[in-house]
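Q: The structure file data_8.tsv (TSV, C-alpha atoms and all ligand atoms) is provided below.
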chain	number	residue	atom	x	y	z
Y	237	MET	CA	-33.03	0.52	-8.97
Y	238	THR	CA	-29.92	2.21	-10.28
Y	239	PRO	CA	-26.55	0.63	-11.10
Y	240	LYS	CA	-24.21	0.35	-8.14
Y	241	ILE	CA	-21.13	2.22	-9.24
Y	242	LEU	CA	-18.16	2.11	-6.89
Y	243	MET	CA	-15.32	4.65	-6.93
Y	244	ILE	CA	-12.21	3.07	-5.45
Y	245	ASP	CA	-8.54	3.86	-4.91
Y	246	ILE	CA	-5.90	1.88	-3.04
Y	247	GLU	CA	-2.54	2.78	-1.54
Y	248	THR	CA	0.21	0.23	-1.34
Y	249	ALA	CA	3.44	-0.19	0.57
Y	250	PRO	CA	6.65	-0.57	-1.47
Y	251	ALA	CA	8.61	-3.80	-1.33
Y	252	LEU	CA	11.61	-3.86	1.01
Y	253	GLY	CA	14.74	-5.31	-0.44
Y	254	MET	CA	18.50	-5.54	-0.49
Y	255	PHE	CA	20.54	-3.93	-3.22
Y	256	TRP	CA	24.22	-3.38	-3.84
Y	257	SER	CA	24.14	-0.27	-5.91
Y	258	LEU	CA	21.86	2.69	-6.39
Y	259	PHE	CA	22.20	2.21	-10.11
Y	260	ASP	CA	21.08	-1.41	-10.34
Y	261	ARG	CA	18.27	-1.66	-12.80
Y	262	TYR	CA	17.21	-5.17	-12.03
Y	263	ILE	CA	16.62	-6.60	-8.57
Y	264	ASP	CA	16.57	-10.36	-8.42
Y	265	PRO	CA	13.42	-11.56	-6.57
Y	266	GLU	CA	15.80	-13.35	-4.21
Y	267	TRP	CA	16.75	-9.97	-2.74
Y	268	ILE	CA	13.21	-9.01	-1.81
Y	269	MET	CA	13.02	-8.99	1.97
Y	270	GLU	CA	9.32	-8.22	2.05
Y	271	PRO	CA	7.05	-7.85	-1.00
Y	272	GLY	CA	4.76	-4.82	-1.27
Y	273	TYR	CA	1.22	-5.04	0.08
Y	274	THR	CA	-1.98	-3.03	0.23
Y	275	LEU	CA	-1.90	-0.45	3.01
Y	276	CYS	CA	-5.40	0.92	2.70
Y	277	TRP	CA	-8.24	1.78	0.37
Y	278	ALA	CA	-10.94	4.42	0.13
Y	279	ALA	CA	-14.19	3.98	-1.76
Y	280	LYS	CA	-17.53	5.64	-2.29
Y	281	TRP	CA	-20.75	4.66	-4.02
Y	282	LEU	CA	-21.79	7.05	-6.76
Y	283	GLY	CA	-24.76	9.07	-5.52
Y	284	LYS	CA	-24.06	8.34	-1.84
Y	285	ASP	CA	-22.24	10.71	0.49
Y	286	LYS	CA	-20.48	8.24	2.77
Y	287	MET	CA	-16.76	7.76	2.20
Y	288	HIS	CA	-15.57	4.29	3.17
Y	289	PHE	CA	-12.02	3.66	4.29
Y	290	SER	CA	-10.14	0.71	5.63
Y	291	SER	CA	-6.48	0.06	6.37
Y	292	VAL	CA	-4.24	-2.68	7.67
Y	293	ARG	CA	-3.84	-0.52	10.73
Y	294	LYS	CA	-7.57	-0.13	11.40
Y	295	HIS	CA	-8.87	-3.57	10.59
Y	296	GLY	CA	-5.84	-5.81	9.99
Y	297	MET	CA	-5.03	-7.21	6.55
Y	298	VAL	CA	-7.90	-9.72	6.42
Y	299	GLY	CA	-10.45	-7.30	7.89
Y	300	MET	CA	-9.42	-4.64	5.40
Y	301	LEU	CA	-9.61	-7.03	2.46
Y	302	GLU	CA	-12.97	-8.37	3.59
Y	303	ARG	CA	-14.45	-4.87	3.56
Y	304	ALA	CA	-13.08	-4.19	0.07
Y	305	TRP	CA	-14.23	-7.59	-1.16
Y	306	LEU	CA	-17.81	-7.02	0.01
Y	307	MET	CA	-18.02	-3.70	-1.84
Y	308	LEU	CA	-16.52	-5.08	-5.06
Y	309	ASP	CA	-18.83	-8.08	-4.85
Y	310	GLU	CA	-21.82	-5.74	-4.66
Y	311	ALA	CA	-20.69	-3.39	-7.45
Y	312	ASP	CA	-22.11	-3.44	-10.97
Y	313	ALA	CA	-19.25	-1.24	-12.11
Y	314	VAL	CA	-16.05	0.03	-10.54
Y	315	VAL	CA	-14.53	3.42	-11.40
Y	316	HIS	CA	-10.80	3.88	-10.90
Y	317	TYR	CA	-7.77	5.56	-12.39
Y	318	ASN	CA	-5.34	3.05	-13.91
Y	319	GLY	CA	-7.10	0.48	-11.73
Y	320	THR	CA	-7.40	-2.14	-14.46
Y	321	LYS	CA	-3.62	-2.42	-14.40
Y	322	PHE	CA	-3.02	-1.60	-10.75
Y	323	ASP	CA	-5.75	-1.43	-8.10
Y	324	VAL	CA	-7.93	-4.35	-9.18
Y	325	PRO	CA	-5.16	-6.92	-9.83
Y	326	THR	CA	-3.38	-5.80	-6.64
Y	327	LEU	CA	-6.53	-6.49	-4.62
Y	328	ASN	CA	-7.05	-9.74	-6.52
Y	329	ARG	CA	-3.54	-10.81	-5.53
Y	330	GLU	CA	-4.32	-10.10	-1.88
Y	331	PHE	CA	-7.64	-11.97	-2.20
Y	332	VAL	CA	-6.08	-15.11	-3.62
Y	333	ILE	CA	-3.18	-15.05	-1.13
Y	334	HIS	CA	-5.67	-14.75	1.73
Y	335	ASP	CA	-8.06	-17.41	0.40
Y	336	PHE	CA	-10.96	-15.17	-0.56
Y	337	ALA	CA	-13.42	-16.37	-3.21
Y	338	VAL	CA	-13.71	-14.54	-6.53
Y	339	PRO	CA	-16.01	-11.51	-6.12
Y	340	ALA	CA	-19.03	-11.29	-8.43
Y	341	PRO	CA	-17.95	-9.88	-11.81
Y	342	PHE	CA	-18.16	-6.12	-12.31
Y	343	LYS	CA	-17.53	-3.79	-15.21
Y	344	GLU	CA	-14.48	-1.58	-14.96
Y	345	ILE	CA	-14.52	2.08	-15.89
Y	346	ASP	CA	-10.84	2.99	-15.92
Y	347	LEU	CA	-10.80	6.74	-16.43
Y	348	ILE	CA	-7.19	6.69	-17.62
Y	349	ASN	CA	-8.41	4.93	-20.77
Y	350	THR	CA	-10.84	7.77	-21.52
Y	351	VAL	CA	-8.14	10.36	-20.77
Y	352	LYS	CA	-5.58	8.67	-23.04
Y	353	LYS	CA	-7.94	7.79	-25.84
Y	354	ARG	CA	-10.10	10.86	-26.16
Y	355	PHE	CA	-7.83	13.74	-25.18
Y	356	ARG	CA	-4.26	14.90	-25.36
Y	357	PHE	CA	-3.24	16.29	-21.99
Y	358	MET	CA	0.40	17.18	-21.32
Y	359	SER	CA	0.37	14.55	-18.62
Y	360	ASN	CA	-2.11	11.75	-17.97
Y	361	LYS	CA	-1.50	11.77	-14.23
Y	362	LEU	CA	-4.76	12.08	-12.28
Y	363	ASP	CA	-3.67	15.20	-10.39
Y	364	PHE	CA	-2.60	17.00	-13.56
Y	365	VAL	CA	-5.79	16.10	-15.43
Y	366	ALA	CA	-7.98	17.08	-12.47
Y	367	ARG	CA	-6.25	20.48	-12.27
Y	368	GLN	CA	-6.69	21.05	-15.98
Y	369	LEU	CA	-10.36	20.16	-15.68
Y	370	GLY	CA	-10.67	22.60	-12.80
Y	371	VAL	CA	-12.16	20.04	-10.43
Y	372	ALA	CA	-10.98	18.96	-6.96
Y	373	THR	CA	-7.24	18.47	-6.52
Y	374	LYS	CA	-5.29	15.78	-4.76
Y	375	ALA	CA	-4.18	16.32	-1.16
Y	376	GLN	CA	-0.58	17.34	-0.55
Y	377	HIS	CA	1.59	14.96	1.44
Y	378	LYS	CA	5.17	14.80	2.60
Y	379	GLY	CA	6.14	12.14	0.09
Y	380	LYS	CA	8.03	8.98	0.90
Y	381	GLU	CA	8.20	9.91	4.57
Y	382	MET	CA	4.44	9.40	4.87
Y	383	TRP	CA	4.75	5.88	3.49
Y	384	LYS	CA	7.67	5.10	5.80
Y	385	GLY	CA	5.72	6.48	8.75
Y	386	CYS	CA	2.69	4.33	7.96
Y	387	MET	CA	4.79	1.23	7.57
Y	388	ALA	CA	6.30	2.02	10.98
Y	389	GLY	CA	2.81	2.51	12.49
Y	390	ASN	CA	3.04	6.25	13.09
Y	391	LYS	CA	-0.41	7.67	13.87
Y	392	ASP	CA	0.10	11.11	12.32
Y	393	ASP	CA	1.27	9.57	9.09
Y	394	TRP	CA	-1.70	7.22	9.06
Y	395	ASP	CA	-4.06	10.15	9.56
Y	396	ALA	CA	-2.40	11.92	6.64
Y	397	MET	CA	-2.58	8.76	4.52
Y	398	GLU	CA	-6.29	8.37	5.27
Y	399	GLY	CA	-6.97	11.96	4.26
Y	400	TYR	CA	-4.88	11.59	1.13
Y	401	ASN	CA	-6.52	8.34	0.09
Y	402	LYS	CA	-10.05	9.68	0.66
Y	403	GLN	CA	-9.27	12.87	-1.25
Y	404	ASP	CA	-8.12	10.75	-4.21
Y	405	VAL	CA	-11.61	9.27	-4.35
Y	406	VAL	CA	-13.16	12.74	-4.19
Y	407	VAL	CA	-10.96	13.72	-7.16
Y	408	LEU	CA	-11.81	10.47	-8.92
Y	409	GLU	CA	-15.54	11.15	-8.64
Y	410	ALA	CA	-15.16	14.75	-9.80
Y	411	VAL	CA	-13.18	13.61	-12.85
Y	412	TYR	CA	-15.72	10.86	-13.52
Y	413	ARG	CA	-18.57	13.36	-13.54
Y	414	LYS	CA	-16.68	15.68	-15.85
Y	415	LEU	CA	-15.73	12.88	-18.27
Y	416	LEU	CA	-19.08	11.08	-18.14
Y	417	PRO	CA	-20.28	11.84	-21.70
Y	418	TRP	CA	-16.81	11.01	-23.10
Y	419	ILE	CA	-16.52	7.57	-21.53
Y	420	GLN	CA	-16.82	4.62	-23.90
Y	421	GLY	CA	-18.01	1.23	-22.66
Y	422	HIS	CA	-19.93	2.64	-19.71
Y	423	PRO	CA	-22.61	0.27	-18.35
Y	424	ASN	CA	-26.04	1.15	-19.73
Y	425	PHE	CA	-27.81	2.89	-16.85
Y	426	ALA	CA	-31.26	2.30	-18.38
Y	427	LEU	CA	-30.89	-1.48	-18.02
Y	428	PHE	CA	-30.79	-1.15	-14.24
Y	429	VAL	CA	-33.97	0.90	-13.92
Y	430	ASN	CA	-37.21	-1.03	-13.74
Y	431	ASP	CA	-39.36	1.07	-16.03
Y	432	ASN	CA	-39.79	1.55	-19.76
Y	433	GLU	CA	-38.78	5.19	-19.89
Y	434	PRO	CA	-36.12	5.98	-22.52
Y	435	ARG	CA	-33.03	6.96	-20.57
Y	436	CYS	CA	-29.54	8.27	-21.15
Y	437	PRO	CA	-27.22	5.23	-20.94
Y	438	HIS	CA	-24.68	7.07	-18.79
Y	439	CYS	CA	-26.58	9.14	-16.25
Y	440	GLY	CA	-30.08	7.67	-16.45
Y	441	GLY	CA	-31.58	11.08	-17.23
Y	442	THR	CA	-34.86	11.11	-19.15
Y	443	HIS	CA	-34.47	14.48	-20.81
Y	444	LEU	CA	-33.26	13.30	-24.22
Y	445	GLN	CA	-33.38	15.35	-27.38
Y	446	ARG	CA	-33.62	13.71	-30.79
Y	447	ARG	CA	-30.77	15.00	-32.95
Y	448	GLY	CA	-29.94	13.55	-36.35
Y	449	TYR	CA	-28.98	10.01	-37.24
Y	450	TYR	CA	-26.24	7.50	-36.67
Y	451	TYR	CA	-25.40	5.55	-39.83
Y	452	THR	CA	-23.81	2.16	-40.36
Y	453	ASP	CA	-23.17	0.74	-43.88
Y	454	THR	CA	-26.69	-0.61	-44.06
Y	455	MET	CA	-28.74	0.90	-41.28
Y	456	ARG	CA	-29.84	4.17	-39.83
Y	457	TYR	CA	-30.60	4.85	-36.20
Y	458	ALA	CA	-32.12	7.84	-34.45
Y	459	ARG	CA	-29.53	9.76	-32.46
Y	460	TRP	CA	-30.13	11.33	-29.05
Y	461	LYS	CA	-28.39	13.82	-26.84
Y	462	CYS	CA	-28.76	13.81	-23.08
Y	463	MET	CA	-29.89	17.28	-22.04
Y	464	ASN	CA	-28.77	16.71	-18.49
Y	465	ASP	CA	-25.94	19.02	-19.52
Y	466	THR	CA	-24.72	20.05	-16.12
Y	467	ILE	CA	-23.59	16.51	-15.39
Y	468	CYS	CA	-23.84	14.68	-18.69
Y	469	GLY	CA	-24.48	15.54	-22.36
Y	470	LYS	CA	-23.91	11.99	-23.60
Y	471	TRP	CA	-24.76	11.15	-27.22
Y	472	SER	CA	-26.54	7.85	-27.74
Y	473	ARG	CA	-28.61	6.17	-30.41
Y	474	SER	CA	-31.71	4.03	-30.66
Y	475	ARG	CA	-31.24	0.31	-30.59
Y	476	ALA	CA	-33.71	-0.45	-33.37
Y	477	ASN	CA	-33.02	0.91	-36.82
Y	478	ASP	CA	-35.19	3.59	-38.20
Y	479	LEU	CA	-35.78	2.42	-41.80
Y	480	ASP	CA	-39.08	0.96	-42.95
Y	481	ALA	CA	-39.28	-2.51	-44.48
Y	482	ASP	CA	-39.34	-1.35	-48.12
Y	483	LYS	CA	-36.30	0.83	-47.67
Y	484	ARG	CA	-34.46	-1.99	-45.93
Y	485	LYS	CA	-35.35	-4.37	-48.77
Y	486	SER	CA	-34.10	-1.88	-51.34
Y	487	LEU	CA	-30.64	-1.70	-49.77
Y	488	ARG	CA	-27.99	-3.94	-51.24
Y	489	VAL	CA	-26.10	-5.38	-48.34
Y	490	GLY	CA	-22.36	-5.41	-48.64
Y	491	VAL	CA	-21.92	-2.38	-50.88
Y	492	LYS	CA	-18.78	-0.64	-49.68
Y	501	ZN	ZN	-26.93	11.60	-19.50
Render the structure in this file as structure tokens.
Ligand SMILES: [Zn+2]

A:
Amino acid sequence: MTPKILMIDIETAPALGMFWSLFDRYIDPEWIMEPGYTLCWAAKWLGKDKMHFSSVRKHGMVGMLERAWLMLDEADAVVHYNGTKFDVPTLNREFVIHDFAVPAPFKEIDLINTVKKRFRFMSNKLDFVARQLGVATKAQHKGKEMWKGCMAGNKDDWDAMEGYNKQDVVVLEAVYRKLLPWIQGHPNFALFVNDNEPRCPHCGGTHLQRRGYYYTDTMRYARWKCMNDTICGKWSRSRANDLDADKRKSLRVGVK
């Protein structure tokens, strides 16, 4: 068994509203004619080829949500870009509005956190970062017109939206693979595999090289590097400390 890691991206429709001036900064909720909603989503299991896609046009709102819900419910971890703030709570809102139960809990791997915390790119937008990393790039689209066309039910615009949404997931996966050893808080892959082989926590690879130690104030742990360098290179450390009983006894706890 391996962890079920889901890559997901959603596209939403803007709210429609009334406004008196182009320069208004605040729109009273009273002037919302129709709140925004989820148009579609694309998702893919890590390690599987099939790209899943559903939209309000293809399956209706409830049918679309049901398909997303089933995948989230099955996932051990969900990979997204800014999805902790956007995609996941947006879907949750749709779920609660449409009387869905709470899906089984999953870990979230929001790649924007890794990008912001561990690097300094000129822009943290997914497309910019993906270009800088030299991986797949987002699909071009004709901007707001595509959204308007989808909301009006135009087939060509929906085809473009589907392609765009799916390509975002392709980019997401490529960025995930590139950032894999840099991610913090990734689920421990080894826990999902039913054997006693030491494994890299991020990719599950078994080719680990012992390299130096990780130190806390009072303990020392063997350090490992994943040699699955083409896709990983994650540093990890042993769970049990490496000091013998006499050495441990000789240490004065709390010396800072
Ligand atoms: Zn690895």

Q: Record the distance separating CA of Val314 (chain Y) and CA of Arg413 (chain Y), expressed in Å with one decimal.

A: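 Answer for the CA of Val314 (chain Y) to CA of Arg413 (chain Y) separation: 13.9 Å.
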
Q: Between Y:Arg473, Y:His377, Y:Lys485, Y:Lys384, which is the closest to Ala251 (chain Y) once you count all atoms listed in the file?

A: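 Looking only at the distances to Ala251 (chain Y), the closest residue turns out to be Y:Lys384.
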
Q: Residues contacting ligand ZN 501 (chain Y) - anything with an atom at most 6 Å away, using only C-alpha atoms and all ligand atoms - can you give me those as a ChimeraX atom specification?

A: /Y:436,438-441,462,464,468-470

Q: Ranking Y:Leu327, Y:Phe355, Y:Phe259, Y:Ala388 by minimum distance to Leu369 (chain Y) and counting all atoms listed in the file, which one comes first?

A: Y:Phe355

Q: Using all atoms listed in the file, determine which residues lie at most 7 Å from Leu252 (chain Y), disregarding the query and same-chain residues fewer than 4 positions distant; provide the list as a ChimeraX atom specification.

A: /Y:268-271

Q: For the interface of region 264-310 of chain Y with region 399-406 of chain Y (cut-off 9 Å, counting only C-alpha atoms), please tabulate each contacting residue of region 264-310 of chain Y alongside its nearest pair of atoms and their separation in Å to one decimal, rows sorted by chain and increasing number, as CSV.

A:
residue,atom,partner,partner_atom,distance
Y:Cys276,CA,Y:Asn401,CA,7.9
Y:Trp277,CA,Y:Asn401,CA,6.8
Y:Ala278,CA,Y:Lys402,CA,5.4
Y:Ala279,CA,Y:Val405,CA,6.4
Y:Lys280,CA,Y:Val405,CA,7.2
Y:Met287,CA,Y:Lys402,CA,7.1
Y:His288,CA,Y:Lys402,CA,8.1
Y:Phe289,CA,Y:Lys402,CA,7.3

Q: Using C-alpha atoms, can you export the residues from the last selection as a compact mmCIF listing (two decimals), in the frame of the given file?

A:
# COMPACT_ATOMS: atom_id res chain seq x y z
CA CYS Y 276 -5.40 0.92 2.70
CA TRP Y 277 -8.24 1.78 0.37
CA ALA Y 278 -10.94 4.42 0.13
CA ALA Y 279 -14.19 3.98 -1.76
CA LYS Y 280 -17.53 5.64 -2.29
CA MET Y 287 -16.76 7.76 2.20
CA HIS Y 288 -15.57 4.29 3.17
CA PHE Y 289 -12.02 3.66 4.29

Q: With only C-alpha atoms as the atoms that count, which of Y:Ser486, Y:Asn390, Y:Ser472, Y:Ser291 lies nearest to Leu444 (chain Y)?

A: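 Nearest candidate to Leu444 (chain Y) out of Y:Ser486, Y:Asn390, Y:Ser472, Y:Ser291: Y:Ser472.
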
Q: Would you mind telling me which residue in Y:Met297, Y:Ala304, Y:Ala372, Y:Ala481 lies nearest to Ile246 (chain Y) when using all atoms listed in the file?

A: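 Once distances to Ile246 (chain Y) are computed over all atoms listed in the file, the minimum belongs to Y:Ala304.
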
Q: Around all the atoms of region 459-473 of chain Y listed in the file, with 8 Å of room on each side, what axis-aligned box do you get, giving centre and edge lengths in Å to one decimal, as lines of an AutoDock Vina configuration file?

A:
center_x = -26.9
center_y = 13.1
center_z = -23.9
size_x = 22.5
size_y = 29.9
size_z = 33.1

Q: Hey, can you check how far CA of Met397 (chain Y) sits from CA of Lys380 (chain Y)?

A: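 For CA of Met397 (chain Y) relative to CA of Lys380 (chain Y), the distance reads 11.2 Å.
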
Q: Determine the nearest neighbour of Gly283 (chain Y) from the options Y:Met243, Y:Leu301, Y:Ile263, Y:Leu427, counting only C-alpha atoms.

A: Y:Met243

Q: Quick check, in Å to one decimal: how far apart do CA of Lys353 (chain Y) and CA of Lys284 (chain Y) lie?

A: 28.9 Å

Q: May I ask which of the residues Y:Thr373, Y:Thr274, Y:Gln420, Y:Asn430 is the closest one to Asp346 (chain Y), counting all atoms listed in the file?

A: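 Using all atoms listed in the file, the shortest distance to Asp346 (chain Y) belongs to Y:Gln420.
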
Q: Around (-29.5, 16.0, -31.7) in the file's frame, which residues reach within 8 Å when counting all atoms listed in the file? Return as a list in words?

A: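 Residues with an atom at most 8 Å from (-29.5, 16.0, -31.7): Gln445, Arg446, Arg447, Gly448, Arg459, Trp460 and Lys461 of chain Y.
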
Q: Neighbours of region 341-345 of chain Y within 7 Å (only C-alpha atoms; same-chain residues fewer than 3 positions away dropped), as a list of chain:residue names?

A: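 Counting only the stated atoms, we get Y:Ala311, Y:Asp312, Y:Ala313, Y:Val314, Y:Val315, Y:His316, Y:His422.
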
Q: So that I can see what lies close to Leu347 (chain Y), please list as a PyMOL selection string the residues with an atom at most 9 Å from it, counting all atoms listed in the file and leaving out residues fewer than 2 positions away in the same chain.

A: chain Y and resi 315-319+345+349-352+408+411-412+415+419

Q: For region 382-400 of chain Y, supply N, CA, C and O atoms and format the output as a PDB file, in the frame of the given file.

A:
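Below is the file selection10.pdb, written as the result:
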ATOM      1  N   MET Y 382       5.772   9.809   4.411  1.00  0.00           N
ATOM      2  CA  MET Y 382       4.440   9.400   4.870  1.00  0.00           C
ATOM      3  C   MET Y 382       4.301   7.873   4.764  1.00  0.00           C
ATOM      4  O   MET Y 382       3.767   7.221   5.661  1.00  0.00           O
ATOM      5  N   TRP Y 383       4.824   7.339   3.665  1.00  0.00           N
ATOM      6  CA  TRP Y 383       4.750   5.880   3.490  1.00  0.00           C
ATOM      7  C   TRP Y 383       5.586   5.183   4.568  1.00  0.00           C
ATOM      8  O   TRP Y 383       5.144   4.228   5.184  1.00  0.00           O
ATOM      9  N   LYS Y 384       6.794   5.697   4.776  1.00  0.00           N
ATOM     10  CA  LYS Y 384       7.670   5.100   5.800  1.00  0.00           C
ATOM     11  C   LYS Y 384       7.002   5.151   7.162  1.00  0.00           C
ATOM     12  O   LYS Y 384       7.035   4.189   7.928  1.00  0.00           O
ATOM     13  N   GLY Y 385       6.382   6.307   7.454  1.00  0.00           N
ATOM     14  CA  GLY Y 385       5.720   6.480   8.750  1.00  0.00           C
ATOM     15  C   GLY Y 385       4.579   5.497   8.926  1.00  0.00           C
ATOM     16  O   GLY Y 385       4.401   4.915  10.009  1.00  0.00           O
ATOM     17  N   CYS Y 386       3.809   5.289   7.877  1.00  0.00           N
ATOM     18  CA  CYS Y 386       2.690   4.330   7.960  1.00  0.00           C
ATOM     19  C   CYS Y 386       3.208   2.921   8.177  1.00  0.00           C
ATOM     20  O   CYS Y 386       2.676   2.167   8.988  1.00  0.00           O
ATOM     21  N   MET Y 387       4.254   2.585   7.438  1.00  0.00           N
ATOM     22  CA  MET Y 387       4.790   1.230   7.570  1.00  0.00           C
ATOM     23  C   MET Y 387       5.372   1.013   8.964  1.00  0.00           C
ATOM     24  O   MET Y 387       5.445  -0.110   9.453  1.00  0.00           O
ATOM     25  N   ALA Y 388       5.768   2.123   9.616  1.00  0.00           N
ATOM     26  CA  ALA Y 388       6.300   2.020  10.980  1.00  0.00           C
ATOM     27  C   ALA Y 388       5.183   2.183  12.025  1.00  0.00           C
ATOM     28  O   ALA Y 388       5.438   2.131  13.218  1.00  0.00           O
ATOM     29  N   GLY Y 389       3.948   2.423  11.559  1.00  0.00           N
ATOM     30  CA  GLY Y 389       2.810   2.510  12.490  1.00  0.00           C
ATOM     31  C   GLY Y 389       2.640   3.872  13.147  1.00  0.00           C
ATOM     32  O   GLY Y 389       2.019   3.973  14.205  1.00  0.00           O
ATOM     33  N   ASN Y 390       3.142   4.902  12.532  1.00  0.00           N
ATOM     34  CA  ASN Y 390       3.040   6.250  13.090  1.00  0.00           C
ATOM     35  C   ASN Y 390       1.635   6.849  12.872  1.00  0.00           C
ATOM     36  O   ASN Y 390       1.173   6.971  11.748  1.00  0.00           O
ATOM     37  N   LYS Y 391       0.977   7.223  13.953  1.00  0.00           N
ATOM     38  CA  LYS Y 391      -0.410   7.670  13.870  1.00  0.00           C
ATOM     39  C   LYS Y 391      -0.606   8.893  12.967  1.00  0.00           C
ATOM     40  O   LYS Y 391      -1.528   8.946  12.151  1.00  0.00           O
ATOM     41  N   ASP Y 392       0.247   9.895  13.129  1.00  0.00           N
ATOM     42  CA  ASP Y 392       0.100  11.110  12.320  1.00  0.00           C
ATOM     43  C   ASP Y 392       0.192  10.808  10.836  1.00  0.00           C
ATOM     44  O   ASP Y 392      -0.542  11.369  10.020  1.00  0.00           O
ATOM     45  N   ASP Y 393       1.127   9.923  10.498  1.00  0.00           N
ATOM     46  CA  ASP Y 393       1.270   9.570   9.090  1.00  0.00           C
ATOM     47  C   ASP Y 393       0.057   8.785   8.586  1.00  0.00           C
ATOM     48  O   ASP Y 393      -0.384   8.969   7.461  1.00  0.00           O
ATOM     49  N   TRP Y 394      -0.486   7.951   9.442  1.00  0.00           N
ATOM     50  CA  TRP Y 394      -1.700   7.220   9.060  1.00  0.00           C
ATOM     51  C   TRP Y 394      -2.883   8.166   8.868  1.00  0.00           C
ATOM     52  O   TRP Y 394      -3.690   7.992   7.959  1.00  0.00           O
ATOM     53  N   ASP Y 395      -2.980   9.174   9.728  1.00  0.00           N
ATOM     54  CA  ASP Y 395      -4.060  10.150   9.560  1.00  0.00           C
ATOM     55  C   ASP Y 395      -3.920  10.875   8.225  1.00  0.00           C
ATOM     56  O   ASP Y 395      -4.895  11.089   7.509  1.00  0.00           O
ATOM     57  N   ALA Y 396      -2.653  11.234   7.911  1.00  0.00           N
ATOM     58  CA  ALA Y 396      -2.400  11.920   6.640  1.00  0.00           C
ATOM     59  C   ALA Y 396      -2.719  11.001   5.461  1.00  0.00           C
ATOM     60  O   ALA Y 396      -3.335  11.416   4.472  1.00  0.00           O
ATOM     61  N   MET Y 397      -2.332   9.731   5.590  1.00  0.00           N
ATOM     62  CA  MET Y 397      -2.580   8.760   4.520  1.00  0.00           C
ATOM     63  C   MET Y 397      -4.086   8.588   4.285  1.00  0.00           C
ATOM     64  O   MET Y 397      -4.558   8.544   3.150  1.00  0.00           O
ATOM     65  N   GLU Y 398      -4.836   8.529   5.382  1.00  0.00           N
ATOM     66  CA  GLU Y 398      -6.290   8.370   5.270  1.00  0.00           C
ATOM     67  C   GLU Y 398      -6.901   9.558   4.520  1.00  0.00           C
ATOM     68  O   GLU Y 398      -7.715   9.393   3.616  1.00  0.00           O
ATOM     69  N   GLY Y 399      -6.465  10.752   4.915  1.00  0.00           N
ATOM     70  CA  GLY Y 399      -6.970  11.960   4.260  1.00  0.00           C
ATOM     71  C   GLY Y 399      -6.599  11.984   2.782  1.00  0.00           C
ATOM     72  O   GLY Y 399      -7.423  12.327   1.929  1.00  0.00           O
ATOM     73  N   TYR Y 400      -5.381  11.599   2.506  1.00  0.00           N
ATOM     74  CA  TYR Y 400      -4.880  11.590   1.130  1.00  0.00           C
ATOM     75  C   TYR Y 400      -5.651  10.590   0.269  1.00  0.00           C
ATOM     76  O   TYR Y 400      -6.103  10.898  -0.836  1.00  0.00           O
TER      77      TYR Y 400
END
